[in-house]
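Engineer: Contents of structure-v3.txt (compact mmCIF, C-alpha atoms):
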```txt
# COMPACT_ATOMS: atom_id res chain seq x y z
CA MET A 2 134.95 194.20 312.34
CA ALA A 3 132.65 194.19 309.31
CA ILE A 4 133.93 195.88 306.21
CA PRO A 5 132.31 199.28 305.53
CA GLN A 6 130.56 199.17 302.19
CA SER A 7 127.74 200.25 299.97
CA GLN A 8 124.98 198.19 298.37
CA ASP A 9 126.96 198.23 295.10
CA ASP A 10 129.99 196.73 296.87
CA ASP A 11 127.87 193.82 298.02
CA ALA A 12 126.61 193.08 294.53
CA ARG A 13 130.14 192.92 293.09
CA GLU A 14 131.83 189.53 293.13
CA LEU A 15 134.75 189.08 295.51
CA GLY A 16 138.02 189.51 293.61
CA GLN A 17 141.28 187.67 294.24
CA ARG A 18 143.11 190.77 295.45
CA GLU A 19 140.30 191.48 297.89
CA LEU A 20 140.44 187.90 299.11
CA GLU A 21 144.19 188.18 299.64
CA GLU A 22 143.75 191.40 301.61
CA LEU A 23 141.12 189.69 303.70
CA TYR A 24 143.52 186.80 304.30
CA THR A 25 146.31 189.13 305.36
CA ARG A 26 143.97 190.79 307.84
CA MET A 27 142.22 187.69 309.14
CA GLU A 28 144.82 184.94 309.01
CA ALA A 29 146.10 185.51 312.57
CA PRO A 30 142.75 185.73 314.41
CA LEU A 31 141.35 182.78 312.46
CA TYR A 32 144.52 180.80 313.10
CA ASN A 33 144.31 181.54 316.83
CA VAL A 34 140.77 180.22 316.99
CA VAL A 35 141.41 177.13 314.87
CA PHE A 36 144.68 176.32 316.65
CA ARG A 37 142.75 175.97 319.95
CA ARG A 38 140.57 173.32 318.31
CA LEU A 39 143.34 171.31 316.66
CA TRP A 40 146.53 172.10 318.62
CA ASP A 41 148.63 171.62 315.52
CA PRO A 42 150.12 174.68 313.75
CA ALA A 43 150.35 173.19 310.25
CA GLU A 44 146.89 171.72 310.42
CA ALA A 45 145.42 174.94 311.82
CA GLN A 46 146.96 176.94 308.98
CA ASP A 47 145.68 174.40 306.47
CA VAL A 48 142.14 174.73 307.83
CA VAL A 49 142.34 178.54 307.63
CA GLN A 50 143.39 178.24 303.99
CA GLU A 51 140.63 175.75 303.25
CA ALA A 52 138.11 178.21 304.69
CA PHE A 53 139.43 180.86 302.29
CA LEU A 54 139.31 178.43 299.37
CA ALA A 55 135.69 177.63 300.26
CA LEU A 56 134.98 181.36 300.34
CA TRP A 57 136.64 181.72 296.93
CA ARG A 58 134.51 178.96 295.46
CA ALA A 59 131.37 180.66 296.80
CA ARG A 60 132.54 184.19 295.93
CA ALA A 61 129.55 184.91 293.69
CA ARG A 62 127.14 184.40 296.59
CA VAL A 63 129.19 185.95 299.39
CA ARG A 64 127.96 189.16 301.02
CA ARG A 65 130.74 191.41 302.23
CA ALA A 66 128.77 192.41 305.33
CA THR A 67 128.86 188.85 306.65
CA VAL A 68 132.12 187.60 305.20
CA GLU A 69 134.00 187.53 308.50
CA PRO A 70 131.42 185.59 310.53
CA LEU A 71 131.11 183.28 307.52
CA LEU A 72 134.86 182.62 307.53
CA TYR A 73 134.86 181.81 311.25
CA ARG A 74 131.90 179.50 310.87
CA THR A 75 133.51 177.73 307.91
CA ALA A 76 136.85 177.37 309.70
CA LEU A 77 135.20 176.05 312.89
CA ASN A 78 133.16 173.55 310.88
CA LEU A 79 136.28 172.35 309.08
CA ALA A 80 138.15 172.06 312.39
CA ALA A 81 135.26 170.12 313.94
CA LYS A 82 135.29 167.78 310.96
CA ARG A 83 139.01 167.13 311.46
CA ARG A 84 138.52 166.52 315.18
CA ARG A 85 135.83 163.93 314.38
CA SER A 86 138.11 162.32 311.85
CA ARG A 87 140.94 162.19 314.41
CA ARG A 88 138.69 160.58 316.99
CA LEU A 89 137.68 157.96 314.42
CA TRP A 90 141.30 157.19 313.45
CA ARG A 91 142.30 157.04 317.10
CA TRP A 92 139.38 154.74 317.84
CA ILE A 93 140.39 152.29 315.14
CA GLY A 94 143.97 152.57 316.38
CA LEU A 95 145.61 153.79 313.19
CA ASP A 96 146.75 157.18 314.38
CA ALA A 97 148.21 158.74 317.48
CA ILE A 98 147.27 162.28 316.47
CA GLY A 99 146.02 163.00 319.95
CA GLU A 100 149.52 162.67 321.24
CA ARG A 101 151.04 164.70 318.39
CA SER A 102 153.23 167.48 319.71
CA THR A 103 152.75 171.08 318.66
CA SER A 104 156.19 171.29 317.17
CA HIS A 105 156.06 174.68 315.48
CA PRO A 106 158.54 176.88 317.35
CA ARG A 107 156.43 180.05 317.48
CA ALA A 108 153.34 178.30 318.71
CA ASP A 109 155.42 176.34 321.17
CA GLU A 110 157.10 179.47 322.47
CA ALA A 111 153.78 181.20 322.95
CA LEU A 112 152.17 178.21 324.56
CA ALA A 113 155.12 177.26 326.76
CA GLN A 114 155.00 173.62 327.68
CA GLY A 115 154.11 174.25 331.29
CA GLU A 116 151.64 172.41 333.41
CA ARG A 117 149.15 175.27 333.30
CA GLU A 118 149.07 175.29 329.49
CA ALA A 119 148.57 171.55 329.38
CA ARG A 120 145.67 171.88 331.82
CA LEU A 121 144.22 174.74 329.78
CA ARG A 122 144.37 172.62 326.65
CA ARG A 123 142.63 169.75 328.41
CA ALA A 124 140.05 172.16 329.79
CA ILE A 125 139.27 173.64 326.36
CA ASP A 126 139.12 170.18 324.79
CA ALA A 127 136.74 169.06 327.52
CA LEU A 128 134.27 171.82 326.64
CA PRO A 129 131.35 170.85 324.42
CA GLU A 130 131.83 172.08 320.84
CA LYS A 131 129.16 174.80 321.16
CA LEU A 132 130.72 176.28 324.33
CA ALA A 133 134.27 176.09 322.95
CA SER A 134 133.24 177.85 319.73
CA VAL A 135 131.63 180.70 321.65
CA VAL A 136 134.51 181.24 324.06
CA LEU A 137 137.15 181.10 321.31
CA LEU A 138 135.28 183.48 319.03
CA THR A 139 134.49 186.00 321.75
CA GLU A 140 138.08 185.93 323.05
CA LEU A 141 140.11 185.66 319.86
CA SER A 142 138.17 186.77 316.78
CA GLY A 143 137.52 190.39 317.58
CA LEU A 144 133.92 189.90 316.49
CA SER A 145 131.14 191.51 318.51
CA HIS A 146 128.73 189.24 320.35
CA ALA A 147 126.15 189.92 317.64
CA GLU A 148 128.63 188.85 314.95
CA VAL A 149 129.59 185.76 316.94
CA GLY A 150 125.87 184.96 317.13
CA ALA A 151 125.60 185.42 313.35
CA ALA A 152 128.64 183.21 312.80
CA LEU A 153 127.25 180.39 314.92
CA GLY A 154 123.60 180.90 314.06
CA ILE A 155 122.51 181.62 317.65
CA PRO A 156 120.94 184.67 319.37
CA VAL A 157 123.17 187.24 321.12
CA GLY A 158 121.73 186.27 324.50
CA THR A 159 122.79 182.68 323.91
CA VAL A 160 126.31 183.87 323.07
CA ALA A 161 126.52 185.63 326.43
CA SER A 162 125.11 182.72 328.41
CA ARG A 163 127.32 180.14 326.69
CA ARG A 164 130.37 182.33 327.21
CA HIS A 165 129.57 182.61 330.89
CA LEU A 166 129.07 178.87 331.22
CA ALA A 167 132.25 178.12 329.28
CA PHE A 168 134.36 180.37 331.53
CA ARG A 169 132.83 178.83 334.63
CA ARG A 170 133.79 175.36 333.43
CA LEU A 171 137.27 176.50 332.44
CA SER A 172 137.74 178.06 335.90
CA GLN A 173 136.61 174.87 337.58
CA GLU A 174 139.02 172.81 335.46
CA LEU A 175 141.87 175.20 336.13
CA GLY A 176 141.01 175.70 339.79
CA GLU A 177 140.74 179.47 339.42
CA ASP A 178 138.16 182.13 340.19
CA PRO A 179 136.11 183.11 337.11
CA MET N 15 140.49 185.55 331.59
CA SER N 16 141.95 186.78 328.31
CA GLU N 17 145.43 185.80 329.58
CA LEU N 18 144.28 182.24 328.98
CA PHE N 19 144.42 182.90 325.26
CA PRO N 20 147.75 184.47 324.27
CA LYS N 21 147.88 185.65 320.64
CA LEU N 22 149.88 183.23 318.50
CA VAL N 23 151.67 184.00 315.26
CA PRO N 24 150.69 181.74 312.36
CA PRO N 25 153.44 179.84 310.51
CA PRO N 26 155.08 182.01 307.81
CA GLY N 27 154.31 181.83 304.08
CA GLY N 28 150.56 181.49 304.45
CA LEU N 29 149.64 184.07 301.82
CA SER N 30 151.96 182.70 299.13
CA ARG N 31 150.67 179.19 299.81
CA LEU N 32 147.09 180.42 299.52
CA GLN N 33 147.97 182.13 296.21
CA GLU N 34 149.37 178.82 294.93
CA ARG N 35 146.26 176.97 296.01
CA LEU N 36 144.02 179.60 294.38
CA ALA N 37 145.98 179.28 291.12
CA GLU N 38 145.67 175.52 291.33
CA ALA N 39 141.93 175.79 291.95
CA SER N 40 141.51 178.11 288.95
CA ARG N 41 143.39 175.76 286.59
CA PRO N 42 140.99 173.74 284.44
CA ARG N 43 140.89 170.13 285.54
CA ARG N 44 141.19 168.17 282.29
CA TRP N 45 140.11 164.80 283.64
CA GLY N 46 137.22 166.42 285.42
CA LEU N 47 136.15 168.02 282.16
CA VAL N 48 136.49 164.73 280.28
CA LEU N 49 134.41 162.94 282.93
CA TRP N 50 131.78 165.64 282.71
CA LEU N 51 131.67 165.62 278.93
CA SER N 52 131.81 161.87 278.23
CA PRO N 53 128.15 161.08 279.09
CA ILE N 54 127.05 164.12 277.07
CA ALA N 55 129.19 163.00 274.10
CA ALA N 56 127.84 159.44 274.32
CA ALA N 57 124.24 160.72 274.38
CA ALA N 58 124.93 163.02 271.41
CA ALA N 59 126.51 160.16 269.42
CA ALA N 60 123.53 157.89 270.12
CA ALA N 61 121.08 160.61 269.05
CA ALA N 62 123.07 161.28 265.85
CA TRP N 63 123.16 157.55 265.03
CA LEU N 64 119.39 157.29 265.47
CA LEU N 65 118.82 160.32 263.24
CA VAL N 66 121.24 159.27 260.47
CA THR N 67 120.39 155.54 260.30
CA PRO N 68 117.11 155.05 258.35
CA PRO N 69 114.57 152.78 259.99
CA PRO N 70 114.23 149.30 258.36
CA GLN N 71 111.73 149.42 255.43
CA PRO N 72 109.09 146.67 255.04
CA LEU N 73 109.66 144.33 252.04
CA SER N 74 107.66 144.89 248.86
CA ALA N 75 105.55 142.03 247.44
CA GLU N 76 108.17 141.38 244.72
CA GLN N 77 111.02 141.32 247.22
CA ALA N 78 109.08 138.95 249.46
CA LEU N 79 108.43 136.62 246.54
CA ALA N 80 112.08 136.70 245.43
CA LEU N 81 113.13 135.90 248.97
CA GLU N 82 110.68 133.01 249.14
CA ILE N 83 111.96 131.57 245.84
CA ALA N 84 115.60 131.95 246.84
CA SER N 85 115.03 130.22 250.14
CA GLY N 86 113.03 127.48 248.43
CA VAL N 87 115.70 126.52 245.88
CA ALA N 88 117.69 124.60 248.47
CA THR N 89 114.66 122.50 249.40
CA GLY N 90 113.17 122.19 245.90
CA GLU N 91 111.94 118.91 244.44
CA PRO N 92 113.52 117.78 241.09
CA VAL N 93 111.00 117.45 238.25
CA SER N 94 111.76 115.51 235.08
CA THR N 95 110.03 116.67 231.87
CA VAL N 96 111.38 113.82 229.71
CA PRO N 97 110.23 110.39 230.84
CA GLY N 98 113.15 108.00 231.32
CA ASP N 99 115.76 110.76 231.14
CA ALA N 100 118.85 109.51 232.93
CA GLN N 101 120.41 112.96 233.30
CA PRO N 102 119.73 115.10 236.37
CA PRO N 103 116.51 117.08 235.93
CA LEU N 104 116.76 120.73 234.94
CA LEU N 105 113.58 121.75 236.73
CA GLN N 106 112.84 122.00 240.41
CA ARG N 107 109.42 122.42 241.96
CA LEU N 108 109.71 124.81 244.84
CA PRO N 109 107.60 124.90 247.96
CA SER N 110 104.96 127.64 247.86
CA GLY N 111 102.93 129.14 250.64
CA ASP N 112 99.98 129.63 248.23
CA PRO N 113 98.32 126.40 246.98
CA LYS N 114 97.15 128.24 243.83
CA LEU N 115 100.71 129.18 243.00
CA ILE N 116 103.17 126.66 241.60
CA LEU N 117 106.80 127.70 241.40
CA TYR N 118 109.47 126.07 239.27
CA ALA N 119 113.19 126.84 239.24
CA VAL N 120 115.00 126.28 235.95
CA ALA N 121 118.65 125.17 235.91
CA PRO N 122 121.22 127.81 234.99
CA THR N 123 122.12 128.21 231.25
CA ALA N 124 125.58 126.69 231.83
CA ASP N 125 123.97 123.39 232.83
CA LEU N 126 121.82 123.39 229.65
CA GLU N 127 124.83 124.05 227.42
CA ALA N 128 126.73 121.24 229.11
CA ARG N 129 124.16 118.73 227.79
```
Starting from the file, lay out its structure as structure tokens.
Structural biologist:
Amino acid sequence: MAIPQSQDDDARELGQRELEELYTRMEAPLYNVVFRRLWDPAEAQDVVQEAFLALWRARARVRRATVEPLLYRTALNLAAKRRRSRRLWRWIGLDAIGERSTSHPRADEALAQGEREARLRRAIDALPEKLASVVLLTELSGLSHAEVGAALGIPVGTVASRRHLAFRRLSQELGEDP
Amino acid sequence: MSELFPKLVPPPGGLSRLQERLAEASRPRRWGLVLWLSPIAAAAAAAAWLLVTPPPQPLSAEQALALEIASGVATGEPVSTVPGDAQPPLLQRLPSGDPKLILYAVAPTADLEAR
């Protein structure tokens, strides 16, 4: 998934056109990962854009070789921050975000409102953050296990073991064979 | 288990919205600039004031004496040179910090002419 490049490419600052091309290419996979953390289409798209804005602000220091893992890590961190914020608001009783429906038609069509999807959502939400991040990145990002490890700052072996554990828990929650 | 994660299509208009947000981020934030610059401007103004304003100079001996005389006029003691003169005296003996020094203040010319 990494962009082929030379040493000179890496030294050059990321331009706006390049960023837009990157967005066109990566919006969907990033959105798919972030959506499974937030379950809200508008918010998921907003987080994807915030990750790109963060990349833009840091464009002078960004290395092209690691830009994709960096984007996933940034987006997952932003999503985790929003989840924490939601929990806080829900705890103090000022928001019912947890019950918010995923009203965007395309997302709703894809995730039909069946019992199985609802269980899947509960199962993913029940996973610890580190297991959920691994399973979502390995399934939806198109990154290799090594790149997922780079994105999350963990060794490749840990990626494999966490993925295995995550799928086992998901299977148990869904009552299916792994 | 990949069927657990069907590929979703993001809401439309993402790229144009990102372009708007990038343009917004590139626009100079005037208030931000003002907030950044105000402490620097205040420090520069204070430094300029210190450089331009001369430090207070110590008084010379003459200036100190003049100041002492001026402040003593209000508390001076009238001295009459003509015994039995009914008119207000034209001389005042002023207080002096030095016992060897006696200071007198003479009335203004207008008072002399009035006599």
Engineer: So how many Å separate CA of Thr139 in chain A and CA of Arg120 in chain A, to one decimal?
Structural biologist: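 We find that CA of Thr139 in chain A and CA of Arg120 in chain A lie 20.6 Å from each other.
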Engineer: Any idea which chain A residues end up within 9 Å of chain N if we count all atoms listed in the file, as a PDB file with C-alpha atoms, in the frame of the given file please?
Structural biologist:
```
ATOM      1  CA  GLN A  17     141.280 187.670 294.240  1.00  0.00           C
ATOM      2  CA  GLU A  21     144.190 188.180 299.640  1.00  0.00           C
ATOM      3  CA  TYR A  24     143.520 186.800 304.300  1.00  0.00           C
ATOM      4  CA  THR A  25     146.310 189.130 305.360  1.00  0.00           C
ATOM      5  CA  GLU A  28     144.820 184.940 309.010  1.00  0.00           C
ATOM      6  CA  ALA A  29     146.100 185.510 312.570  1.00  0.00           C
ATOM      7  CA  PRO A  30     142.750 185.730 314.410  1.00  0.00           C
ATOM      8  CA  TYR A  32     144.520 180.800 313.100  1.00  0.00           C
ATOM      9  CA  ASN A  33     144.310 181.540 316.830  1.00  0.00           C
ATOM     10  CA  PHE A  36     144.680 176.320 316.650  1.00  0.00           C
ATOM     11  CA  ARG A  37     142.750 175.970 319.950  1.00  0.00           C
ATOM     12  CA  PRO A  42     150.120 174.680 313.750  1.00  0.00           C
ATOM     13  CA  ALA A  43     150.350 173.190 310.250  1.00  0.00           C
ATOM     14  CA  ALA A  45     145.420 174.940 311.820  1.00  0.00           C
ATOM     15  CA  GLN A  46     146.960 176.940 308.980  1.00  0.00           C
ATOM     16  CA  ASP A  47     145.680 174.400 306.470  1.00  0.00           C
ATOM     17  CA  GLN A  50     143.390 178.240 303.990  1.00  0.00           C
ATOM     18  CA  GLU A  51     140.630 175.750 303.250  1.00  0.00           C
ATOM     19  CA  PHE A  53     139.430 180.860 302.290  1.00  0.00           C
ATOM     20  CA  LEU A  54     139.310 178.430 299.370  1.00  0.00           C
ATOM     21  CA  TRP A  57     136.640 181.720 296.930  1.00  0.00           C
ATOM     22  CA  ARG A  58     134.510 178.960 295.460  1.00  0.00           C
ATOM     23  CA  HIS A 105     156.060 174.680 315.480  1.00  0.00           C
ATOM     24  CA  ARG A 107     156.430 180.050 317.480  1.00  0.00           C
ATOM     25  CA  ALA A 108     153.340 178.300 318.710  1.00  0.00           C
ATOM     26  CA  ALA A 111     153.780 181.200 322.950  1.00  0.00           C
ATOM     27  CA  LEU A 112     152.170 178.210 324.560  1.00  0.00           C
ATOM     28  CA  GLU A 118     149.070 175.290 329.490  1.00  0.00           C
ATOM     29  CA  LEU A 121     144.220 174.740 329.780  1.00  0.00           C
ATOM     30  CA  LEU A 137     137.150 181.100 321.310  1.00  0.00           C
ATOM     31  CA  GLU A 140     138.080 185.930 323.050  1.00  0.00           C
ATOM     32  CA  LEU A 141     140.110 185.660 319.860  1.00  0.00           C
ATOM     33  CA  PHE A 168     134.360 180.370 331.530  1.00  0.00           C
ATOM     34  CA  PRO A 179     136.110 183.110 337.110  1.00  0.00           C
TER      35      PRO A 179
END
```
Engineer: Do you know which residues are at most 12 Å from Ser145 in chain A counting all atoms listed in the file, after dropping those on the same chain fewer than 5 positions away, and could you put them as a PDB file with C-alpha atoms, keeping the file's coordinate frame?
Structural biologist:
```pdb
ATOM      1  CA  MET A   2     134.950 194.200 312.340  1.00  0.00           C
ATOM      2  CA  ALA A   3     132.650 194.190 309.310  1.00  0.00           C
ATOM      3  CA  GLU A  69     134.000 187.530 308.500  1.00  0.00           C
ATOM      4  CA  PRO A  70     131.420 185.590 310.530  1.00  0.00           C
ATOM      5  CA  VAL A 135     131.630 180.700 321.650  1.00  0.00           C
ATOM      6  CA  LEU A 138     135.280 183.480 319.030  1.00  0.00           C
ATOM      7  CA  THR A 139     134.490 186.000 321.750  1.00  0.00           C
ATOM      8  CA  GLU A 140     138.080 185.930 323.050  1.00  0.00           C
ATOM      9  CA  GLY A 150     125.870 184.960 317.130  1.00  0.00           C
ATOM     10  CA  ALA A 151     125.600 185.420 313.350  1.00  0.00           C
ATOM     11  CA  ALA A 152     128.640 183.210 312.800  1.00  0.00           C
ATOM     12  CA  VAL A 157     123.170 187.240 321.120  1.00  0.00           C
ATOM     13  CA  VAL A 160     126.310 183.870 323.070  1.00  0.00           C
ATOM     14  CA  ALA A 161     126.520 185.630 326.430  1.00  0.00           C
TER      15      ALA A 161
END
```
Engineer: Which polymer residues have any atom within 9 Å of an atom of Leu117 in chain N, counting only C-alpha atoms, with same-chain residues fewer than 3 positions away left out, as a PDB file with C-alpha atoms, in the frame of the given file?
Structural biologist:
```pdb
ATOM      1  CA  ILE N  83     111.960 131.570 245.840  1.00  0.00           C
ATOM      2  CA  GLN N 106     112.840 122.000 240.410  1.00  0.00           C
ATOM      3  CA  ARG N 107     109.420 122.420 241.960  1.00  0.00           C
ATOM      4  CA  LEU N 108     109.710 124.810 244.840  1.00  0.00           C
ATOM      5  CA  PRO N 109     107.600 124.900 247.960  1.00  0.00           C
ATOM      6  CA  SER N 110     104.960 127.640 247.860  1.00  0.00           C
TER       7      SER N 110
END
```
Engineer: Please indicate the distance in Å from CA of Pro97 in chain N to CA of Ile116 in chain N, rounded to one decimal place.
Structural biologist: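 Taking CA of Pro97 in chain N as the start and CA of Ile116 in chain N as the end point, the length is 20.7 Å.
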Engineer: Rank N:Leu73, N:Leu79, N:Val87, N:Leu51 by their smallest atom-to-atom distance to Gly111 in chain N, using only C-alpha atoms, and report the top residue only.
Structural biologist: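 Checking each of N:Leu73, N:Leu79, N:Val87, N:Leu51 against Gly111 in chain N, counting only C-alpha atoms, the winner is N:Leu79.
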Engineer: Counting only C-alpha atoms, figure out which residue out of A:Arg85, A:Leu77, A:Glu14, A:Leu39 gets nearest to Val63 in chain A.
Structural biologist: A:Glu14
Engineer: In Å to one decimal, how far is CA of Ala121 in chain N from CA of Gln101 in chain N?
Structural biologist: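 So the answer is 12.6 Å.
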Engineer: For a cut-off of 6 Å around (113.5, 125.2, 237.1), file coordinates, pick out all residues using only C-alpha atoms and list them as a list in words.
Structural biologist: Leu104, Leu105, Gln106, Tyr118, Ala119, Val120 and Ala121 of chain N
Engineer: Under the rule that all atoms listed in the file are counted, which of A:Leu132, A:Leu15, A:Leu144, A:Leu153 is the nearest residue to Thr75 in chain A?
Structural biologist: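 The shortest atom-to-atom distance to Thr75 in chain A comes from A:Leu153.
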Engineer: Can you tell me, as AutoDock Vina command-line options, the centre and edge lengths (Å, one decimal) of the axis-aligned box enclosing all of range 55-64 of chain A's listed atoms after padding each side by 3 Å?
Structural biologist:
```
--center_x 131.9 --center_y 183.4 --center_z 297.4 --size_x 15.5 --size_y 17.5 --size_z 13.3
```
Engineer: Rank A:Ala52, A:Val35, A:Ala61, A:Ala124 by their smallest atom-to-atom distance to Gly16 in chain A, using all atoms listed in the file, and report the top residue only.
Structural biologist: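 Result for the nearest residue to Gly16 in chain A: A:Ala61.
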